[in-house]
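Engineer: This is input_29.pdb, which holds PDB, C-alpha atoms:
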ATOM      1  CA  MET B 231      12.148 -58.690  41.730
ATOM      2  CA  GLN B 232      14.790 -57.027  39.565
ATOM      3  CA  ILE B 233      14.474 -57.999  35.885
ATOM      4  CA  LEU B 234      16.768 -57.156  32.984
ATOM      5  CA  VAL B 235      15.041 -56.198  29.733
ATOM      6  CA  THR B 236      17.351 -55.934  26.735
ATOM      7  CA  GLY B 237      16.143 -53.762  23.863
ATOM      8  CA  ALA B 238      14.165 -51.665  26.349
ATOM      9  CA  ALA B 239      13.970 -48.696  23.971
ATOM     10  CA  GLY B 240      12.564 -50.922  21.251
ATOM     11  CA  PHE B 241       8.935 -51.429  20.323
ATOM     12  CA  ILE B 242       8.190 -54.634  22.230
ATOM     13  CA  GLY B 243      10.874 -53.999  24.843
ATOM     14  CA  SER B 244       9.421 -50.685  26.000
ATOM     15  CA  PHE B 245       5.929 -52.175  26.372
ATOM     16  CA  THR B 246       7.365 -55.176  28.208
ATOM     17  CA  ALA B 247       9.266 -52.959  30.641
ATOM     18  CA  GLN B 248       6.087 -50.951  31.298
ATOM     19  CA  LYS B 249       4.095 -54.125  31.967
ATOM     20  CA  LEU B 250       6.683 -55.391  34.457
ATOM     21  CA  LEU B 251       6.783 -52.017  36.226
ATOM     22  CA  SER B 252       2.996 -52.023  36.509
ATOM     23  CA  GLN B 253       3.267 -55.376  38.285
ATOM     24  CA  GLY B 254       5.630 -53.903  40.866
ATOM     25  CA  HIS B 255       8.924 -55.256  39.551
ATOM     26  CA  SER B 256      12.175 -53.325  39.306
ATOM     27  CA  VAL B 257      13.446 -53.146  35.709
ATOM     28  CA  VAL B 258      16.925 -52.483  34.369
ATOM     29  CA  GLY B 259      16.666 -51.664  30.676
ATOM     30  CA  ILE B 260      19.518 -51.682  28.193
ATOM     31  CA  ASP B 261      19.611 -50.654  24.540
ATOM     32  CA  ASN B 262      22.267 -49.434  22.096
ATOM     33  CA  LEU B 263      19.967 -46.710  20.672
ATOM     34  CA  ASN B 264      21.426 -47.262  17.187
ATOM     35  CA  ASP B 265      20.203 -45.510  14.046
ATOM     36  CA  TYR B 266      18.701 -48.503  12.222
ATOM     37  CA  TYR B 267      15.602 -46.331  12.488
ATOM     38  CA  ASP B 268      14.986 -42.908  14.029
ATOM     39  CA  PRO B 269      16.749 -42.765  17.430
ATOM     40  CA  ASP B 270      14.330 -40.007  18.445
ATOM     41  CA  LEU B 271      11.522 -42.566  18.450
ATOM     42  CA  LYS B 272      13.567 -44.838  20.715
ATOM     43  CA  GLN B 273      14.283 -41.908  23.004
ATOM     44  CA  ALA B 274      10.590 -41.012  23.082
ATOM     45  CA  ARG B 275       9.747 -44.543  24.202
ATOM     46  CA  LEU B 276      12.374 -44.263  26.919
ATOM     47  CA  GLU B 277      10.954 -40.959  28.109
ATOM     48  CA  ARG B 278       7.784 -42.806  29.066
ATOM     49  CA  LEU B 279       9.797 -45.158  31.309
ATOM     50  CA  LEU B 280      12.554 -43.018  32.817
ATOM     51  CA  PRO B 281      10.372 -41.043  35.286
ATOM     52  CA  GLN B 282       9.289 -44.286  36.995
ATOM     53  CA  LYS B 283      11.241 -44.919  40.192
ATOM     54  CA  ASN B 284      11.741 -48.640  39.638
ATOM     55  CA  PHE B 285      13.221 -48.229  36.159
ATOM     56  CA  SER B 286      16.865 -47.600  35.327
ATOM     57  CA  PHE B 287      18.524 -47.475  31.927
ATOM     58  CA  LYS B 288      22.000 -48.039  30.527
ATOM     59  CA  GLN B 289      23.070 -47.535  26.922
ATOM     60  CA  ILE B 290      24.872 -50.786  26.131
ATOM     61  CA  GLU B 291      25.610 -52.665  22.928
ATOM     62  CA  ILE B 292      24.994 -56.333  23.727
ATOM     63  CA  ALA B 293      27.752 -57.351  21.299
ATOM     64  CA  ASP B 294      30.207 -55.411  23.480
ATOM     65  CA  THR B 295      31.454 -58.291  25.625
ATOM     66  CA  PRO B 296      33.262 -56.249  28.317
ATOM     67  CA  ALA B 297      30.237 -53.957  28.745
ATOM     68  CA  VAL B 298      27.860 -56.899  29.199
ATOM     69  CA  GLU B 299      30.271 -58.601  31.600
ATOM     70  CA  SER B 300      30.409 -55.423  33.700
ATOM     71  CA  LEU B 301      26.608 -55.194  33.717
ATOM     72  CA  PHE B 302      26.299 -58.719  35.104
ATOM     73  CA  GLN B 303      29.037 -58.114  37.680
ATOM     74  CA  GLU B 304      27.104 -55.112  38.980
ATOM     75  CA  ASN B 305      23.689 -56.819  38.892
ATOM     76  CA  GLN B 306      23.111 -60.495  39.582
ATOM     77  CA  PHE B 307      19.942 -60.730  37.487
ATOM     78  CA  LYS B 308      17.921 -63.862  38.218
ATOM     79  CA  ARG B 309      15.436 -63.299  35.388
ATOM     80  CA  ILE B 310      15.980 -61.758  31.975
ATOM     81  CA  ILE B 311      13.797 -60.890  28.993
ATOM     82  CA  HIS B 312      16.128 -60.665  26.012
ATOM     83  CA  LEU B 313      14.547 -58.679  23.174
ATOM     84  CA  ALA B 314      17.541 -56.734  21.820
ATOM     85  CA  ALA B 315      18.378 -57.706  18.236
ATOM     86  CA  GLN B 316      19.080 -56.367  14.806
ATOM     87  CA  ALA B 317      15.620 -56.612  13.273
ATOM     88  CA  GLY B 318      14.402 -56.668   9.681
ATOM     89  CA  VAL B 319      14.451 -59.311   6.972
ATOM     90  CA  ARG B 320      15.271 -57.049   4.029
ATOM     91  CA  TYR B 321      17.990 -55.101   5.866
ATOM     92  CA  SER B 322      19.830 -58.394   6.396
ATOM     93  CA  LEU B 323      20.403 -58.523   2.634
ATOM     94  CA  LYS B 324      22.278 -55.204   2.833
ATOM     95  CA  ASN B 325      24.095 -55.345   6.150
ATOM     96  CA  PRO B 326      24.611 -58.991   7.152
ATOM     97  CA  HIS B 327      27.461 -58.377   9.589
ATOM     98  CA  SER B 328      25.218 -56.407  11.940
ATOM     99  CA  TYR B 329      23.090 -59.544  12.387
ATOM    100  CA  ALA B 330      26.092 -61.687  13.270
ATOM    101  CA  GLN B 331      27.169 -59.116  15.843
ATOM    102  CA  SER B 332      23.872 -58.185  17.514
ATOM    103  CA  ASN B 333      21.939 -61.425  17.169
ATOM    104  CA  VAL B 334      24.675 -64.030  17.517
ATOM    105  CA  VAL B 335      27.522 -62.444  19.501
ATOM    106  CA  GLY B 336      25.054 -60.373  21.530
ATOM    107  CA  THR B 337      22.941 -63.376  22.501
ATOM    108  CA  LEU B 338      26.088 -65.330  23.378
ATOM    109  CA  ASN B 339      27.079 -62.536  25.752
ATOM    110  CA  ILE B 340      23.669 -62.658  27.443
ATOM    111  CA  LEU B 341      23.859 -66.447  27.786
ATOM    112  CA  GLU B 342      27.327 -66.167  29.291
ATOM    113  CA  GLY B 343      25.985 -63.615  31.745
ATOM    114  CA  CYS B 344      23.221 -66.013  32.781
ATOM    115  CA  ARG B 345      25.766 -68.798  33.201
ATOM    116  CA  ASN B 346      27.754 -66.758  35.711
ATOM    117  CA  VAL B 347      24.813 -65.797  37.944
ATOM    118  CA  GLU B 348      24.432 -68.145  40.883
ATOM    119  CA  GLY B 349      20.867 -69.395  41.137
ATOM    120  CA  PHE B 350      19.826 -67.960  37.785
ATOM    121  CA  GLU B 351      16.117 -68.637  37.242
ATOM    122  CA  HIS B 352      14.929 -67.958  33.699
ATOM    123  CA  LEU B 353      15.868 -66.415  30.348
ATOM    124  CA  VAL B 354      12.999 -65.570  27.992
ATOM    125  CA  TYR B 355      14.243 -64.500  24.568
ATOM    126  CA  ALA B 356      12.797 -63.383  21.258
ATOM    127  CA  SER B 357      12.908 -65.693  18.281
ATOM    128  CA  SER B 358      10.865 -65.129  15.125
ATOM    129  CA  SER B 359       8.301 -66.686  12.817
ATOM    130  CA  SER B 360      10.884 -66.165  10.078
ATOM    131  CA  VAL B 361      12.653 -69.350  11.221
ATOM    132  CA  TYR B 362       9.924 -71.340   9.422
ATOM    133  CA  GLY B 363      11.381 -70.174   6.103
ATOM    134  CA  LEU B 364      10.210 -72.351   3.231
ATOM    135  CA  ASN B 365       7.795 -74.383   5.370
ATOM    136  CA  SER B 366       4.436 -74.657   3.644
ATOM    137  CA  LYS B 367       2.380 -76.665   6.173
ATOM    138  CA  MET B 368      -0.057 -74.378   7.984
ATOM    139  CA  PRO B 369      -0.365 -73.390  10.738
ATOM    140  CA  PHE B 370       3.325 -73.244  11.639
ATOM    141  CA  SER B 371       4.004 -75.581  14.553
ATOM    142  CA  THR B 372       6.995 -75.806  16.857
ATOM    143  CA  ALA B 373       6.893 -79.535  16.087
ATOM    144  CA  ASP B 374       7.957 -78.697  12.510
ATOM    145  CA  ASN B 375      11.548 -78.770  11.314
ATOM    146  CA  VAL B 376      12.980 -75.281  10.724
ATOM    147  CA  ASP B 377      16.188 -76.010   8.835
ATOM    148  CA  HIS B 378      15.492 -73.893   5.743
ATOM    149  CA  PRO B 379      15.577 -70.168   6.612
ATOM    150  CA  VAL B 380      15.387 -67.816   3.638
ATOM    151  CA  SER B 381      17.136 -64.789   5.165
ATOM    152  CA  LEU B 382      20.161 -64.217   7.356
ATOM    153  CA  TYR B 383      17.859 -62.628   9.919
ATOM    154  CA  ALA B 384      15.934 -65.906  10.143
ATOM    155  CA  ALA B 385      19.172 -67.882  10.330
ATOM    156  CA  SER B 386      20.401 -65.701  13.186
ATOM    157  CA  LYS B 387      17.184 -66.303  15.115
ATOM    158  CA  LYS B 388      17.432 -70.057  14.560
ATOM    159  CA  SER B 389      21.005 -69.863  15.859
ATOM    160  CA  ASN B 390      19.696 -68.171  19.027
ATOM    161  CA  GLU B 391      17.441 -71.153  19.675
ATOM    162  CA  LEU B 392      20.329 -73.588  19.162
ATOM    163  CA  MET B 393      22.647 -71.571  21.392
ATOM    164  CA  ALA B 394      20.006 -71.386  24.116
ATOM    165  CA  HIS B 395      19.538 -75.144  23.987
ATOM    166  CA  SER B 396      23.250 -75.798  24.374
ATOM    167  CA  TYR B 397      23.400 -73.575  27.472
ATOM    168  CA  SER B 398      20.243 -75.155  28.890
ATOM    169  CA  HIS B 399      21.754 -78.599  28.370
ATOM    170  CA  LEU B 400      25.301 -77.864  29.554
ATOM    171  CA  PHE B 401      24.629 -75.467  32.425
ATOM    172  CA  SER B 402      20.977 -76.172  33.368
ATOM    173  CA  ILE B 403      19.948 -72.612  32.466
ATOM    174  CA  PRO B 404      16.146 -72.478  32.006
ATOM    175  CA  THR B 405      15.408 -70.829  28.659
ATOM    176  CA  THR B 406      12.189 -70.093  26.784
ATOM    177  CA  GLY B 407      12.232 -68.943  23.172
ATOM    178  CA  LEU B 408       9.200 -67.153  21.753
ATOM    179  CA  ARG B 409       8.724 -67.007  17.989
ATOM    180  CA  PHE B 410       7.011 -63.648  17.397
ATOM    181  CA  PHE B 411       4.514 -63.316  14.551
ATOM    182  CA  THR B 412       4.208 -59.844  12.910
ATOM    183  CA  VAL B 413       3.759 -57.587  15.921
ATOM    184  CA  TYR B 414       2.007 -54.243  15.365
ATOM    185  CA  GLY B 415       0.619 -51.368  17.400
ATOM    186  CA  PRO B 416       1.387 -47.856  18.710
ATOM    187  CA  TRP B 417       5.058 -46.915  19.107
ATOM    188  CA  GLY B 418       6.011 -49.527  16.503
ATOM    189  CA  ARG B 419       8.959 -49.681  14.122
ATOM    190  CA  PRO B 420       9.002 -47.374  11.072
ATOM    191  CA  ASP B 421      10.373 -50.187   8.872
ATOM    192  CA  MET B 422       7.284 -52.356   9.424
ATOM    193  CA  ALA B 423       4.701 -52.546   6.651
ATOM    194  CA  TYR B 424       1.803 -51.010   8.601
ATOM    195  CA  TRP B 425       3.904 -47.902   9.365
ATOM    196  CA  THR B 426       5.219 -47.428   5.810
ATOM    197  CA  PHE B 427       1.748 -48.129   4.413
ATOM    198  CA  SER B 428       0.263 -45.450   6.667
ATOM    199  CA  GLU B 429       2.849 -42.888   5.591
ATOM    200  CA  LYS B 430       2.267 -43.592   1.914
ATOM    201  CA  ILE B 431      -1.519 -43.588   2.237
ATOM    202  CA  LEU B 432      -1.474 -40.174   3.891
ATOM    203  CA  ARG B 433       0.948 -38.805   1.288
ATOM    204  CA  GLY B 434      -1.021 -40.280  -1.601
ATOM    205  CA  GLU B 435       1.966 -42.373  -2.689
ATOM    206  CA  PRO B 436       1.645 -45.900  -4.146
ATOM    207  CA  LEU B 437       1.819 -48.795  -1.697
ATOM    208  CA  PRO B 438       4.355 -51.465  -2.732
ATOM    209  CA  ILE B 439       2.323 -54.680  -2.377
ATOM    210  CA  PHE B 440       4.589 -57.654  -2.924
ATOM    211  CA  ASN B 441       3.770 -61.029  -4.489
ATOM    212  CA  GLN B 442       0.911 -59.321  -6.331
ATOM    213  CA  GLY B 443      -0.946 -58.993  -3.056
ATOM    214  CA  LYS B 444      -1.022 -62.748  -2.405
ATOM    215  CA  LEU B 445       0.470 -62.566   1.069
ATOM    216  CA  LYS B 446      -0.978 -63.427   4.465
ATOM    217  CA  ARG B 447       0.375 -62.472   7.871
ATOM    218  CA  ASP B 448      -0.540 -63.462  11.417
ATOM    219  CA  PHE B 449      -0.747 -59.863  12.689
ATOM    220  CA  THR B 450      -0.497 -59.760  16.502
ATOM    221  CA  TYR B 451      -1.222 -56.704  18.628
ATOM    222  CA  VAL B 452       1.601 -55.617  20.911
ATOM    223  CA  ASP B 453      -0.437 -55.838  24.148
ATOM    224  CA  ASP B 454      -1.223 -59.486  23.412
ATOM    225  CA  ILE B 455       2.437 -60.230  22.711
ATOM    226  CA  VAL B 456       3.604 -58.548  25.921
ATOM    227  CA  GLU B 457       1.019 -60.425  27.977
ATOM    228  CA  GLY B 458       2.433 -63.686  26.629
ATOM    229  CA  VAL B 459       6.039 -62.636  27.200
ATOM    230  CA  VAL B 460       5.469 -61.654  30.821
ATOM    231  CA  ARG B 461       3.387 -64.736  31.566
ATOM    232  CA  SER B 462       6.151 -66.910  30.113
ATOM    233  CA  LEU B 463       8.709 -65.406  32.493
ATOM    234  CA  ASP B 464       6.839 -66.931  35.444
ATOM    235  CA  VAL B 465       6.567 -70.418  33.915
ATOM    236  CA  ILE B 466      10.080 -71.788  34.275
ATOM    237  CA  PRO B 467      11.065 -74.842  32.210
ATOM    238  CA  THR B 468      12.367 -77.820  34.137
ATOM    239  CA  ALA B 469      14.739 -80.575  33.099
ATOM    240  CA  ARG B 470      13.221 -83.903  32.094
ATOM    241  CA  PRO B 471      15.935 -86.539  32.619
ATOM    242  CA  GLY B 472      15.663 -89.388  30.157
ATOM    243  CA  HIS B 473      13.150 -87.538  27.978
ATOM    244  CA  ALA B 474      13.607 -88.520  24.357
ATOM    245  CA  PRO B 475      12.812 -85.499  22.190
ATOM    246  CA  GLU B 476      10.052 -86.182  19.686
ATOM    247  CA  THR B 477      10.002 -82.734  18.051
ATOM    248  CA  PRO B 478      12.489 -79.864  17.567
ATOM    249  CA  ALA B 479      10.797 -77.946  20.407
ATOM    250  CA  GLU B 480      11.256 -80.697  22.997
ATOM    251  CA  SER B 481      14.296 -81.555  25.075
ATOM    252  CA  SER B 482      15.450 -83.223  28.263
ATOM    253  CA  ALA B 483      17.039 -79.855  29.138
ATOM    254  CA  PRO B 484      15.100 -76.979  30.800
ATOM    255  CA  TYR B 485      14.382 -75.532  27.370
ATOM    256  CA  ARG B 486      11.149 -74.671  25.597
ATOM    257  CA  ILE B 487      10.160 -73.053  22.284
ATOM    258  CA  TYR B 488       6.732 -71.544  21.614
ATOM    259  CA  ASN B 489       4.934 -69.646  18.887
ATOM    260  CA  ILE B 490       3.401 -66.364  20.021
ATOM    261  CA  GLY B 491       0.962 -64.931  17.510
ATOM    262  CA  ASN B 492      -2.694 -64.217  16.871
ATOM    263  CA  ASN B 493      -3.534 -67.571  15.249
ATOM    264  CA  GLN B 494      -5.596 -65.712  12.614
ATOM    265  CA  PRO B 495      -3.732 -64.970   9.360
ATOM    266  CA  VAL B 496      -5.025 -61.959   7.449
ATOM    267  CA  GLU B 497      -4.674 -61.208   3.741
ATOM    268  CA  ILE B 498      -2.623 -58.102   3.067
ATOM    269  CA  GLU B 499      -5.519 -56.635   1.080
ATOM    270  CA  VAL B 500      -7.821 -56.928   4.120
ATOM    271  CA  PHE B 501      -5.120 -55.385   6.292
ATOM    272  CA  ILE B 502      -4.803 -52.419   3.910
ATOM    273  CA  GLN B 503      -8.570 -51.921   3.831
ATOM    274  CA  THR B 504      -8.642 -51.850   7.645
ATOM    275  CA  LEU B 505      -5.832 -49.306   7.647
ATOM    276  CA  GLU B 506      -7.631 -47.163   5.041
ATOM    277  CA  GLN B 507     -10.732 -47.071   7.217
ATOM    278  CA  ALA B 508      -8.760 -46.118  10.339
ATOM    279  CA  LEU B 509      -6.827 -43.364   8.532
ATOM    280  CA  GLY B 510      -9.838 -42.111   6.593
ATOM    281  CA  LYS B 511      -8.061 -42.212   3.240
ATOM    282  CA  THR B 512      -7.883 -44.608   0.267
ATOM    283  CA  ALA B 513      -4.571 -46.158  -0.720
ATOM    284  CA  VAL B 514      -2.956 -46.153  -4.154
ATOM    285  CA  ARG B 515      -1.857 -49.737  -4.813
ATOM    286  CA  GLU B 516       1.237 -50.883  -6.703
ATOM    287  CA  TYR B 517       1.462 -54.658  -7.089
ATOM    288  CA  LEU B 518       4.999 -56.058  -7.263
ATOM    289  CA  PRO B 519       6.742 -59.457  -7.451
ATOM    290  CA  MET B 520       7.860 -61.408  -4.393
ATOM    291  CA  GLN B 521      10.772 -59.886  -2.462
ATOM    292  CA  PRO B 522      13.915 -61.967  -1.780
ATOM    293  CA  GLY B 523      13.881 -63.395   1.746
ATOM    294  CA  ASP B 524      10.110 -63.005   2.103
ATOM    295  CA  VAL B 525       7.520 -65.757   2.642
ATOM    296  CA  GLU B 526       3.974 -66.042   1.311
ATOM    297  CA  ALA B 527       2.176 -66.658   4.595
ATOM    298  CA  THR B 528       2.605 -66.930   8.357
ATOM    299  CA  TRP B 529       0.186 -68.579  10.765
ATOM    300  CA  ALA B 530       0.985 -69.439  14.373
ATOM    301  CA  ASP B 531      -0.123 -72.611  16.109
ATOM    302  CA  ILE B 532      -0.315 -71.275  19.687
ATOM    303  CA  ASP B 533      -1.845 -74.298  21.429
ATOM    304  CA  ASP B 534       1.312 -75.138  23.389
ATOM    305  CA  LEU B 535       1.702 -71.597  24.723
ATOM    306  CA  ASN B 536      -1.960 -71.523  25.655
ATOM    307  CA  LEU B 537      -1.596 -74.762  27.617
ATOM    308  CA  SER B 538       1.623 -73.662  29.318
ATOM    309  CA  VAL B 539       0.902 -70.072  30.307
ATOM    310  CA  GLY B 540      -2.750 -69.445  29.415
ATOM    311  CA  TYR B 541      -1.851 -67.243  26.459
ATOM    312  CA  GLN B 542      -4.900 -66.153  24.476
ATOM    313  CA  PRO B 543      -4.715 -63.093  22.180
ATOM    314  CA  SER B 544      -7.830 -60.949  22.441
ATOM    315  CA  THR B 545      -7.338 -57.873  20.235
ATOM    316  CA  PRO B 546      -9.238 -57.866  16.904
ATOM    317  CA  LEU B 547      -7.382 -56.429  13.920
ATOM    318  CA  SER B 548      -9.842 -53.542  13.566
ATOM    319  CA  GLU B 549      -9.318 -52.501  17.184
ATOM    320  CA  GLY B 550      -5.536 -52.839  17.026
ATOM    321  CA  ILE B 551      -5.259 -50.846  13.811
ATOM    322  CA  GLU B 552      -7.531 -48.155  15.245
ATOM    323  CA  GLN B 553      -5.234 -47.881  18.265
ATOM    324  CA  PHE B 554      -2.174 -47.627  16.024
ATOM    325  CA  ALA B 555      -3.745 -45.086  13.659
ATOM    326  CA  SER B 556      -4.877 -42.854  16.532
ATOM    327  CA  TRP B 557      -1.371 -42.847  18.007
ATOM    328  CA  TYR B 558       0.338 -42.480  14.629
ATOM    329  CA  LEU B 559      -1.701 -39.472  13.540
ATOM    330  CA  GLY B 560      -0.866 -37.747  16.817
ATOM    331  CA  TYR B 561       2.827 -38.664  16.701
ATOM    332  CA  ARG B 562       3.123 -37.550  13.074
ATOM    333  CA  ALA B 563       1.421 -34.204  13.664
TER
END
Written as structure tokens, how would this file's structure read?
Structural biologist:
Amino acid sequence: MQILVTGAAGFIGSFTAQKLLSQGHSVVGIDNLNDYYDPDLKQARLERLLPQKNFSFKQIEIADTPAVESLFQENQFKRIIHLAAQAGVRYSLKNPHSYAQSNVVGTLNILEGCRNVEGFEHLVYASSSSVYGLNSKMPFSTADNVDHPVSLYAASKKSNELMAHSYSHLFSIPTTGLRFFTVYGPWGRPDMAYWTFSEKILRGEPLPIFNQGKLKRDFTYVDDIVEGVVRSLDVIPTARPGHAPETPAESSAPYRIYNIGNNQPVEIEVFIQTLEQALGKTAVREYLPMQPGDVEATWADIDDLNLSVGYQPSTPLSEGIEQFASWYLGYRA
């Protein structure tokens, strides 16, 4: 079938498009190719997709309402994987308006597109572990309340979940939100810690290690994430008339929310040691206070996603970091 992937030149989006193509689907990819980070990297990801006959690409800003309307008029997409967004917690402290445009207005435009497609089947969209904010109960569960985000990025992702629910309820649009937990791997984003750490290790520069190194993250390899995303597309939520929601992730509407992570939080120090081994060089450490908008730990409860789609991450940290380091050293050369 023909599937729309938004953010197709992005890290997760490009891998997702490739996975769908390998399964025989036709993929239309869109991306704005902005300069939040090096556009050449986005173009390089695209170059891996463009030669494939079942892939087509359009440069579109999802916050551009007329452009998105035209896209949906030309293509009556029945299934969509919506990954386009303004990413980054710390950048949201500097440029908040870009988050309102890309993440809120952009997602509204995609939802409106879905609404106007007759027989629309399923929207799978990216949320984030950042919605858990100040939650301290571990592991993070979709049954937990998420009303205390600590960054505008997190707030924008929570708004996406609320917007999706309203469209699921009002227009019977099946939606599935996936809360991503610290995705890493080859072709990743230069603003992510594992990329900046690698650059500084190789240059012999100090690594900024926040909260005095007392951080934990549920690092999840990109192949595992993509497997879960694509599996979710085929498991379409159904309405449950009369269902009384017992948790924030439940609804009578055709709406579901899941965590998608590795379910194995790793201390930042262990992560750095694994990176040092893969790069063959020792890091210089600089311990710093907690950053505004950051959280001490993330840990995904993935039981619901496992039950629903059979999601089970299988990539050990050492293997994933080795794959990233091998790619990174070649890309950097």
Engineer: Just how far from CA of Ser481 in chain B is CA of Ile340 in chain B, in Å to one decimal?
Structural biologist: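 Spanning CA of Ile340 in chain B to CA of Ser481 in chain B is a straight-line distance of 21.2 Å.
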Engineer: Quick one: residues within 7 Å of range 251-268 of chain B, all atoms listed in the file counted, chain neighbours fewer than 5 positions away excluded, as a ChimeraX atom specification?
Structural biologist: /B:231-239,284-291,314,420
Engineer: Translate the PyMOL selection byres ((chain B and resi 418) around 12), as applied to the file shown, into an explicit residue set as number ranges by chain.
Structural biologist: B: 239-245, 267-268, 271-272, 274-275, 412-417, 419-426, 451-453, 551, 553-555, 557-558, 561
Engineer: Choose the residue, out of B:Arg461, B:Arg409, B:Lys283, B:His312, that has the smallest atom-to-atom separation from Val539 in chain B; count all atoms listed in the file.
Structural biologist: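 Checking each of B:Arg461, B:Arg409, B:Lys283, B:His312 against Val539 in chain B, counting all atoms listed in the file, the winner is B:Arg461.
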Engineer: With distances taken over only C-alpha atoms, which of B:Ala479, B:Ala385, B:Val514, B:Ala373 is nearest to Asp531 in chain B?
Structural biologist: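 Answer, going by the shortest atom-to-atom distance: B:Ala373.
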Engineer: Mind pulling up the distance from CA of Leu382 in chain B to CA of Thr246 in chain B?
Structural biologist: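 Atom-to-atom, CA of Thr246 in chain B and CA of Leu382 in chain B are spaced 26.1 Å apart.
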Engineer: Which is closest to Ala384 in chain B among B:Phe370, B:Asp524, B:Lys324, B:Glu429, if we use all atoms listed in the file?
Structural biologist: B:Asp524
Engineer: Which neighbours of Ile487 in chain B fall inside 10 Å, counting only C-alpha atoms, when residues of the same chain fewer than 3 positions from it are skipped, and could you give them as a ChimeraX atom specification?
Structural biologist: /B:354-355,357,372-373,391,395,405-409,478-481,490,534-535
Engineer: Could you take the residues named above and write them with C-alpha atoms, as a compact mmCIF listing (two decimals), in the frame of the given file?
Structural biologist:
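Written out: out.txt:
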# COMPACT_ATOMS: atom_id res chain seq x y z
CA VAL B 354 13.00 -65.57 27.99
CA TYR B 355 14.24 -64.50 24.57
CA SER B 357 12.91 -65.69 18.28
CA THR B 372 7.00 -75.81 16.86
CA ALA B 373 6.89 -79.54 16.09
CA GLU B 391 17.44 -71.15 19.68
CA HIS B 395 19.54 -75.14 23.99
CA THR B 405 15.41 -70.83 28.66
CA THR B 406 12.19 -70.09 26.78
CA GLY B 407 12.23 -68.94 23.17
CA LEU B 408 9.20 -67.15 21.75
CA ARG B 409 8.72 -67.01 17.99
CA PRO B 478 12.49 -79.86 17.57
CA ALA B 479 10.80 -77.95 20.41
CA GLU B 480 11.26 -80.70 23.00
CA SER B 481 14.30 -81.56 25.08
CA ILE B 490 3.40 -66.36 20.02
CA ASP B 534 1.31 -75.14 23.39
CA LEU B 535 1.70 -71.60 24.72
Engineer: Kindly indicate which residue among B:Leu547, B:Ala474, B:Val525, B:Val334 lies nearest to Gln507 in chain B, using all atoms listed in the file for the distances.
Structural biologist: B:Leu547
Engineer: Report the residues retrieved by the PyMOL selection byres ((chain B and resi 393) around 12) from the displayed file, expressed as an mmCIF file with C-alpha atoms, in the frame of the given file.
Structural biologist:
data_model
loop_
_atom_site.group_PDB
_atom_site.id
_atom_site.type_symbol
_atom_site.label_atom_id
_atom_site.label_comp_id
_atom_site.auth_asym_id
_atom_site.auth_seq_id
_atom_site.Cartn_x
_atom_site.Cartn_y
_atom_site.Cartn_z
ATOM 1 C CA ASN B 333 21.939 -61.425 17.169
ATOM 2 C CA VAL B 334 24.675 -64.030 17.517
ATOM 3 C CA VAL B 335 27.522 -62.444 19.501
ATOM 4 C CA GLY B 336 25.054 -60.373 21.530
ATOM 5 C CA THR B 337 22.941 -63.376 22.501
ATOM 6 C CA LEU B 338 26.088 -65.330 23.378
ATOM 7 C CA ASN B 339 27.079 -62.536 25.752
ATOM 8 C CA ILE B 340 23.669 -62.658 27.443
ATOM 9 C CA LEU B 341 23.859 -66.447 27.786
ATOM 10 C CA GLU B 342 27.327 -66.167 29.291
ATOM 11 C CA TYR B 355 14.243 -64.500 24.568
ATOM 12 C CA SER B 357 12.908 -65.693 18.281
ATOM 13 C CA SER B 386 20.401 -65.701 13.186
ATOM 14 C CA LYS B 387 17.184 -66.303 15.115
ATOM 15 C CA LYS B 388 17.432 -70.057 14.560
ATOM 16 C CA SER B 389 21.005 -69.863 15.859
ATOM 17 C CA ASN B 390 19.696 -68.171 19.027
ATOM 18 C CA GLU B 391 17.441 -71.153 19.675
ATOM 19 C CA LEU B 392 20.329 -73.588 19.162
ATOM 20 C CA ALA B 394 20.006 -71.386 24.116
ATOM 21 C CA HIS B 395 19.538 -75.144 23.987
ATOM 22 C CA SER B 396 23.250 -75.798 24.374
ATOM 23 C CA TYR B 397 23.400 -73.575 27.472
ATOM 24 C CA SER B 398 20.243 -75.155 28.890
ATOM 25 C CA HIS B 399 21.754 -78.599 28.370
ATOM 26 C CA LEU B 400 25.301 -77.864 29.554
ATOM 27 C CA PHE B 401 24.629 -75.467 32.425
ATOM 28 C CA ILE B 403 19.948 -72.612 32.466
ATOM 29 C CA THR B 405 15.408 -70.829 28.659
ATOM 30 C CA THR B 406 12.189 -70.093 26.784
ATOM 31 C CA GLY B 407 12.232 -68.943 23.172
ATOM 32 C CA TYR B 485 14.382 -75.532 27.370
#
Engineer: Within 6 Å of (6.1, -58.9, 33.0), in the coordinates the file gives, what residues turn up when you count only C-alpha atoms, written out as a VMD selection string?
Structural biologist: chain B and resid 249 to 250 460
Engineer: For Ser428 in chain B, list every protein, DNA or RNA residue within 8 Å, evaluated using all atoms listed in the file, and leave out those in the same chain fewer than 4 positions away; present the list as an MDAnalysis selection string.
Structural biologist: chainID B and resid 424 432 505 509
Engineer: May I ask which of the residues B:Pro404, B:Val459, B:Ser359, B:Asn489 is the closest one to Asp533 in chain B, counting all atoms listed in the file?
Structural biologist: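 Ranking B:Pro404, B:Val459, B:Ser359, B:Asn489 by distance to Asp533 in chain B, first place goes to B:Asn489.
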Engineer: So, with all atoms listed in the file as the atoms that count, which of B:Leu518, B:Leu445, B:Leu537, B:Leu276 lies closest to Val496 in chain B?
Structural biologist: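 Looking at the shortest contact to Val496 in chain B, the residue is B:Leu445.
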Engineer: Go ahead and compute the interatomic distance for CA of Ala527 in chain B and CA of Ser358 in chain B, in Å to one decimal.
Structural biologist: 13.7 Å
Engineer: Could you tell me which residues the PyMOL selection byres ((chain B and resi 365) around 12) returns for this structure, as a ChimeraX atom specification?
Structural biologist: /B:359-364,366-380,525-529
